[in-house]
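Visitor: Compact mmCIF, C-alpha atoms, file my_file39.txt:
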# COMPACT_ATOMS: atom_id res chain seq x y z
CA MET A 1 -19.63 18.26 28.49
CA LEU A 2 -22.94 19.26 26.90
CA ALA A 3 -21.35 22.36 25.35
CA THR A 4 -18.71 20.16 23.72
CA LYS A 5 -21.38 17.87 22.27
CA ASN A 6 -23.31 20.87 20.95
CA ARG A 7 -20.17 22.32 19.33
CA THR A 8 -19.37 18.95 17.80
CA GLY A 9 -22.91 18.67 16.48
CA VAL A 10 -22.78 22.18 15.05
CA MET A 11 -19.41 21.49 13.42
CA MET A 12 -20.67 18.22 11.90
CA GLY A 13 -23.74 20.04 10.59
CA LEU A 14 -21.56 22.73 9.01
CA ILE A 15 -19.31 20.15 7.41
CA LEU A 16 -22.31 18.29 6.01
CA ALA A 17 -23.86 21.52 4.70
CA MET A 18 -20.58 22.49 3.02
CA ALA A 19 -20.29 19.07 1.40
CA VAL A 20 -23.83 19.36 0.03
CA LEU A 21 -23.14 22.86 -1.29
CA MET A 22 -19.84 21.82 -2.85
CA THR A 23 -21.47 18.93 -4.68
CA ALA A 24 -24.43 21.03 -5.81
CA CYS A 25 -22.12 23.80 -6.98
CA ALA A 26 -19.69 21.51 -8.78
CA PRO A 27 -19.30 22.14 -12.51
CA PRO A 28 -21.45 19.85 -14.68
CA GLY A 29 -18.57 17.63 -15.85
CA PRO A 30 -17.25 16.67 -12.40
CA ARG A 31 -20.83 16.41 -11.14
CA ALA A 32 -21.68 13.92 -13.91
CA LEU A 33 -18.48 11.97 -13.17
CA ILE A 34 -19.33 11.72 -9.46
CA LYS A 35 -22.92 10.73 -10.18
CA GLY A 36 -21.82 8.19 -12.78
CA LYS A 37 -19.33 6.62 -10.37
CA LYS A 38 -22.02 6.34 -7.68
CA LEU A 39 -24.40 4.69 -10.15
CA LEU A 40 -21.62 2.35 -11.25
CA ASP A 41 -20.89 1.39 -7.64
CA ALA A 42 -24.62 0.79 -7.11
CA GLY A 43 -24.76 -1.59 -10.09
CA ASN A 44 -26.91 0.66 -12.27
CA TYR A 45 -24.67 0.36 -15.33
CA ASP A 46 -26.91 1.83 -18.03
CA ALA A 47 -27.64 4.97 -16.00
CA ALA A 48 -23.97 5.16 -15.06
CA ALA A 49 -23.00 5.03 -18.73
CA GLN A 50 -25.36 7.91 -19.51
CA GLU A 51 -23.86 10.08 -16.77
CA LEU A 52 -20.32 9.13 -17.74
CA GLU A 53 -21.05 9.89 -21.40
CA THR A 54 -22.01 13.36 -20.23
CA ALA A 55 -18.83 13.59 -18.15
CA THR A 56 -16.59 12.58 -21.08
CA SER A 57 -18.35 14.97 -23.43
CA LEU A 58 -17.77 17.82 -20.99
CA MET A 59 -14.27 16.69 -19.97
CA PRO A 60 -12.92 14.93 -23.08
CA THR A 61 -9.33 14.82 -21.78
CA ASN A 62 -10.15 13.23 -18.41
CA ALA A 63 -8.70 9.72 -18.62
CA SER A 64 -10.40 8.56 -15.42
CA ALA A 65 -13.81 9.54 -16.77
CA TRP A 66 -13.14 7.46 -19.90
CA ASN A 67 -12.01 4.51 -17.76
CA TYR A 68 -15.19 4.69 -15.67
CA LEU A 69 -17.24 4.93 -18.86
CA GLY A 70 -15.45 1.80 -20.07
CA LEU A 71 -16.35 0.03 -16.83
CA ALA A 72 -20.00 1.02 -17.15
CA TYR A 73 -20.14 -0.25 -20.73
CA HIS A 74 -18.17 -3.38 -19.82
CA ARG A 75 -20.51 -4.27 -16.96
CA ALA A 76 -23.54 -3.49 -19.12
CA GLY A 77 -22.33 -6.05 -21.67
CA GLN A 78 -21.29 -3.50 -24.30
CA GLY A 79 -17.81 -4.84 -25.02
CA SER A 80 -17.04 -2.85 -28.15
CA ASN A 81 -18.02 0.44 -26.49
CA ALA A 82 -15.98 -0.53 -23.42
CA ALA A 83 -12.90 -1.21 -25.56
CA VAL A 84 -13.22 2.21 -27.22
CA ALA A 85 -13.54 3.96 -23.84
CA TYR A 86 -10.61 2.08 -22.24
CA THR A 87 -8.47 2.75 -25.29
CA ARG A 88 -9.32 6.45 -25.15
CA ALA A 89 -8.37 6.52 -21.44
CA LEU A 90 -4.99 4.97 -22.29
CA GLN A 91 -4.43 7.39 -25.17
CA LEU A 92 -4.92 10.22 -22.70
CA ASN A 93 -2.83 8.64 -19.94
CA ARG A 94 -0.61 5.63 -20.73
CA GLU A 95 0.09 5.28 -17.01
CA LEU A 96 -3.55 4.80 -15.99
CA LEU A 97 -3.00 1.20 -14.97
CA GLU A 98 -6.62 0.65 -13.95
CA ALA A 99 -7.66 1.17 -17.57
CA ARG A 100 -4.94 -1.23 -18.73
CA PHE A 101 -6.13 -3.88 -16.25
CA ASN A 102 -9.79 -3.35 -17.23
CA LEU A 103 -8.99 -3.60 -20.93
CA GLY A 104 -7.03 -6.79 -20.26
CA CYS A 105 -10.05 -8.24 -18.44
CA LEU A 106 -12.27 -7.36 -21.38
CA TRP A 107 -9.88 -9.01 -23.85
CA LEU A 108 -9.65 -12.09 -21.62
CA GLU A 109 -13.47 -12.35 -21.48
CA GLU A 110 -13.61 -12.03 -25.27
CA ASN A 111 -10.86 -14.65 -25.64
CA LYS A 112 -8.51 -12.18 -27.36
CA LEU A 113 -5.59 -13.77 -25.59
CA ASP A 114 -2.65 -11.97 -27.21
CA ALA A 115 -4.21 -8.59 -26.47
CA ALA A 116 -5.04 -9.67 -22.91
CA LYS A 117 -1.50 -10.91 -22.31
CA SER A 118 -0.12 -7.64 -23.61
CA GLU A 119 -2.26 -5.53 -21.26
CA PHE A 120 -1.59 -7.71 -18.22
CA THR A 121 2.14 -7.81 -18.96
CA ALA A 122 2.25 -4.02 -19.09
CA TYR A 123 0.21 -3.89 -15.89
CA THR A 124 2.43 -6.32 -13.97
CA LEU A 125 5.59 -4.55 -15.12
CA ARG A 126 4.39 -1.42 -13.33
CA ARG A 127 2.49 -3.08 -10.48
CA SER A 128 4.63 -6.10 -9.75
CA HIS A 129 3.21 -6.42 -6.23
CA ALA A 130 -0.42 -6.74 -7.36
CA PRO A 131 -1.43 -10.41 -7.25
CA ASP A 132 -4.56 -9.82 -9.38
CA GLY A 133 -2.41 -8.74 -12.33
CA TRP A 134 -0.30 -11.90 -12.12
CA LEU A 135 -3.41 -14.04 -11.74
CA LYS A 136 -5.06 -12.57 -14.84
CA LEU A 137 -1.81 -12.80 -16.80
CA GLY A 138 -1.54 -16.45 -15.78
CA LEU A 139 -5.11 -17.13 -16.92
CA ALA A 140 -4.46 -15.53 -20.32
CA GLN A 141 -1.23 -17.52 -20.70
CA LEU A 142 -2.93 -20.76 -19.64
CA ARG A 143 -5.74 -20.29 -22.17
CA ALA A 144 -3.11 -19.56 -24.83
CA THR A 145 -1.46 -22.89 -23.86
CA ASN A 146 1.75 -21.22 -22.73
CA SER A 147 2.20 -23.46 -19.71
CA MET A 148 5.67 -22.35 -18.63
CA ALA A 149 4.74 -18.66 -18.60
CA ALA A 150 1.41 -19.41 -16.90
CA GLU A 151 3.16 -21.40 -14.17
CA LYS A 152 5.55 -18.51 -13.52
CA SER A 153 2.67 -16.01 -13.31
CA PHE A 154 0.58 -18.20 -11.00
CA ARG A 155 3.61 -18.79 -8.75
CA GLU A 156 4.17 -15.03 -8.54
CA ALA A 157 0.49 -14.55 -7.61
CA ILE A 158 0.88 -17.21 -4.91
CA ASN A 159 4.07 -15.57 -3.60
CA LEU A 160 2.13 -12.32 -3.23
CA ASN A 161 -1.04 -13.95 -1.87
CA PRO A 162 -0.38 -17.48 -0.57
CA LYS A 163 -4.08 -18.08 0.16
CA SER A 164 -5.30 -17.27 -3.36
CA ALA A 165 -7.50 -20.20 -4.32
CA GLU A 166 -7.63 -18.98 -7.93
CA ALA A 167 -3.85 -18.90 -8.23
CA LEU A 168 -3.50 -22.32 -6.61
CA ASN A 169 -6.16 -23.73 -8.94
CA GLY A 170 -4.45 -22.12 -11.93
CA LEU A 171 -1.15 -23.69 -10.93
CA GLY A 172 -2.90 -27.03 -10.60
CA LEU A 173 -4.38 -26.69 -14.09
CA VAL A 174 -0.94 -25.90 -15.50
CA GLN A 175 0.48 -29.03 -13.90
CA LEU A 176 -2.31 -31.13 -15.45
CA GLN A 177 -1.29 -30.06 -18.96
Would you mind writing the file's structure down as structure tokens?

Guide:
Amino acid sequence: MLATKNRTGVMMGLILAMAVLMTACAPPGPRALIKGKKLLDAGNYDAAAQELETATSLMPTNASAWNYLGLAYHRAGQGSNAAVAYTRALQLNRELLEARFNLGCLWLEENKLDAAKSEFTAYTLRRSHAPDGWLKLGLAQLRATNSMAAEKSFREAINLNPKSAEALNGLGLVQLQ
């Protein structure tokens, strides 16, 4: 039993050492992307943006890097920079739905309702089983005073997630109009 524990400990140590070496030996672009994502997840948006700027300069055709850069800018309150980064991500990969969703959220926050509706419509066409897309589309439609469309979107969000308080509230707001 002790020999098995020792082997397991040795194997875990080897795996950890390999992971450290692989990260340390990663090319600068992927290393900056990984570091930027970790900083983004930790809520350090300005530092994340700096790392992700490095990543996109070293890997200018990596759509995910541009999307993460957009998120860092977005969360740091730099809306115009975020829009540029999300747009670049979508130019590189039209199917990167996360960038489409993020850009829609930015447009919704900036009250650019037609642009937000366009992004969320494209998102929900490809991810029809994602309640968040329908919820955001419904919010954009509600703010644009398109009650019938908003009701349909909120109902779809509720069908996908019956306990969604936001979707139920949105539906209630539509019915008050």

Visitor: One number please: CA of Tyr73 (chain A) to CA of Pro28 (chain A), in Å, one decimal.

Guide: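 Straight-line distance from CA of Tyr73 (chain A) to CA of Pro28 (chain A) works out to 21.0 Å.
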
Visitor: Can you sort out the box for region 126-134 of chain A, edges along x, y and z, all listed atoms in, 3 Å on every side, with centre and edge lengths in Å to one decimal, as AutoDock Vina command-line options?

Guide:
--center_x 0.0 --center_y -6.7 --center_z -9.8 --size_x 15.2 --size_y 16.5 --size_z 13.1

Visitor: Excluding same-chain residues fewer than 3 positions from region 91-107 of chain A, what lies within 7 Å of it counting all atoms listed in the file, as a ChimeraX atom specification?

Guide: /A:61,63,67,83,86-88,110-113,115-116,119-120,123

Visitor: Could you build a table of the residues in region 24-129 of chain A lying no more than 12 Å from region 155-177 of chain A, giving for each the nearest pair of atoms and their separation in Å rounded to one decimal place, using all atoms listed in the file, ordered by chain and ascending residue number, as CSV?

Guide:
residue,atom,partner,partner_atom,distance
A:Thr124,CA,A:Glu156,CA,10.4
A:Arg127,CA,A:Leu160,CA,11.8
A:Ser128,CA,A:Glu156,CA,9.0
A:His129,CA,A:Leu160,CA,6.7

Visitor: Enter the distance from CA of Ser153 (chain A) to CA of Leu90 (chain A), in Å, rounded to one decimal.

Guide: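 Atom-to-atom, CA of Ser153 (chain A) to CA of Leu90 (chain A), that is 24.1 Å.
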
Visitor: Please build the interface table for region 74-176 of chain A against region 29-53 of chain A with a cut-off of 10 Å, listing for each qualifying residue the nearest atom pair and the distance in Å to one decimal; count only C-alpha atoms, order rows by chain and increasing number, and write it as JSON lines.

Guide:
{"residue": "A:His74", "atom": "CA", "partner": "A:Tyr45", "partner_atom": "CA", "distance": 8.7}
{"residue": "A:Arg75", "atom": "CA", "partner": "A:Tyr45", "partner_atom": "CA", "distance": 6.4}
{"residue": "A:Ala76", "atom": "CA", "partner": "A:Tyr45", "partner_atom": "CA", "distance": 5.5}
{"residue": "A:Gly77", "atom": "CA", "partner": "A:Tyr45", "partner_atom": "CA", "distance": 9.3}
{"residue": "A:Gln78", "atom": "CA", "partner": "A:Asp46", "partner_atom": "CA", "distance": 10.0}
{"residue": "A:Ala85", "atom": "CA", "partner": "A:Glu53", "partner_atom": "CA", "distance": 9.9}
